[in-house]
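Below is one structure, written out as structure tokens, with a few remarks after it.
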Amino acid sequence: MKKTNLMIFLMMMLVMAGAGCSSDETEMKAQAGGEVELTVSAAVSLQDALNDIKKSFEKENANVEVHYNFGASGALQQQISQGAPVDLFFSAAEDKFDKLVEEDLIEEKNGIDLVGNDLVLVVPKDSKKEIGSLEDLTKAAKISIGTPESVPAGQYAKQTLENMNLFKEIENRLVYAKDVRQVLTYVETGNVDAGLVYKTDALNSSKVEIIAAAQGDLHDPIIYPVGMINNLDHAKEAKLFYDYLQTEASMKIFEKYGFKNLK
């Protein structure tokens, strides 16, 4: 019995010693500038370009790992306002970004309007519907746009349709989506006859055809601001990634995916 108790005691001591070593090693790694994880909340339309940028950034900065939280800009802005642990916010709309500036969650000096985009009308490849312009949306049975309250692309789409005096006429045929990628999916699968999405998303799909681009004066400018959240745990690394997004190499990647360089 005594031997059993002694063995249990020795095993407990070994486990505690191991845990102590592990804790010490973790602390030493942190003090030595070990791996840092950054969280970037970004508009889903940036997904392809940002994934490419992440690869090149992490090759050059082995101690920093970037994690993305993609979604509709309005939903992401609300998450950050409610305290979600985020290091950078990359929005598809200025008003969502400005909301965080107003709430003192982002300092204006720590943000920049980085890229721009266009809004386009798309239909399924080989569509039999006679839709050759935005005006022809009256011929469609179902049209998809992002939910205007939370999806900037949907907001721009609604503005466009209203300014063309089309919105009321086709409102009962609109299918709202949680983000611009979902709109694209609805069109790709033929669940709707047409959709309004960003040019960058349309260019990267082989299943849709771009019919027309909305004129710039029909909606607010499509501008993507990016900025660092205040009071960061890893401000140095966040600034490193923020600056990297503005490098020539990153801007070439954005341009490759169809974004406009606003620098």
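Chain labels run A, B, ... following the order of the structure tokens; each chain numbers its residues from 1, and ligands are numbered from 1 in the order shown.
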
Spatial neighbours of range 44-48 of chain A, max dist 8 Å, only C-alpha atoms, sep filter under 2 positions, as number ranges by chain: A: 42, 50-52, 70-72, 92, 179-181, 198, 200-201, 257

Closest of A:Tyr244, A:Ile131, A:Ala75, A:Lys207 to Lys55 in chain A - atom-to-atom distances counting only C-alpha atoms: A:Tyr244

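Near Gly132 in chain A, within a cut-off of 9 Å and counting only C-alpha atoms, sit the residues Asp136, Leu137, Ile211 and Ala212 of chain A, with same-chain residues fewer than 4 positions away left out.
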
Distance in Å - CA of Glu237 in chain A versus CA of Glu37 in chain A: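 That distance, rounded to one decimal, is 8.8 Å.
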
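All residues of range 127-184 of chain A that DSSP, run on the backbone, classes as alpha helix (DSSP H) are Pro152, Ala153, Gly154, Gln155, Tyr156, Ala157, Lys158, Gln159, Thr160, Leu161, Glu162, Asn163, Phe167, Lys168, Glu169, Ile170, Val180, Arg181, Gln182, Val183 and Leu184 of chain A.
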
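Look at Lys128 in chain A: the protein and nucleic acid residues within 12 Å of it, using only C-alpha atoms and passing over chain neighbours fewer than 4 places away, are Val123, Pro124, Gly132, Lys139, Ala140, Gly190, Asp193 and Ala194 of chain A.
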
Just the residues within 6 Å of Thr147 in chain A, please, counting only C-alpha atoms, with nothing from its chain fewer than 6 positions along; format it as a short mmCIF file (atom, residue, chain, number, x, y, z; two decimals) with N, CA and C atoms, in the first residue's frame.
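As a result, part_31.cif now contains:
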```
data_model
loop_
_atom_site.label_atom_id
_atom_site.label_comp_id
_atom_site.auth_asym_id
_atom_site.auth_seq_id
_atom_site.Cartn_x
_atom_site.Cartn_y
_atom_site.Cartn_z
N GLY A 154 -24.93 44.91 -51.62
CA GLY A 154 -26.38 45.01 -51.67
C GLY A 154 -26.85 46.45 -51.53
N TYR A 176 -32.57 38.08 -51.34
CA TYR A 176 -31.47 38.70 -50.59
C TYR A 176 -30.49 37.63 -50.09
N ALA A 177 -29.22 38.00 -50.07
CA ALA A 177 -28.16 37.07 -49.67
C ALA A 177 -27.34 37.65 -48.53
#
```
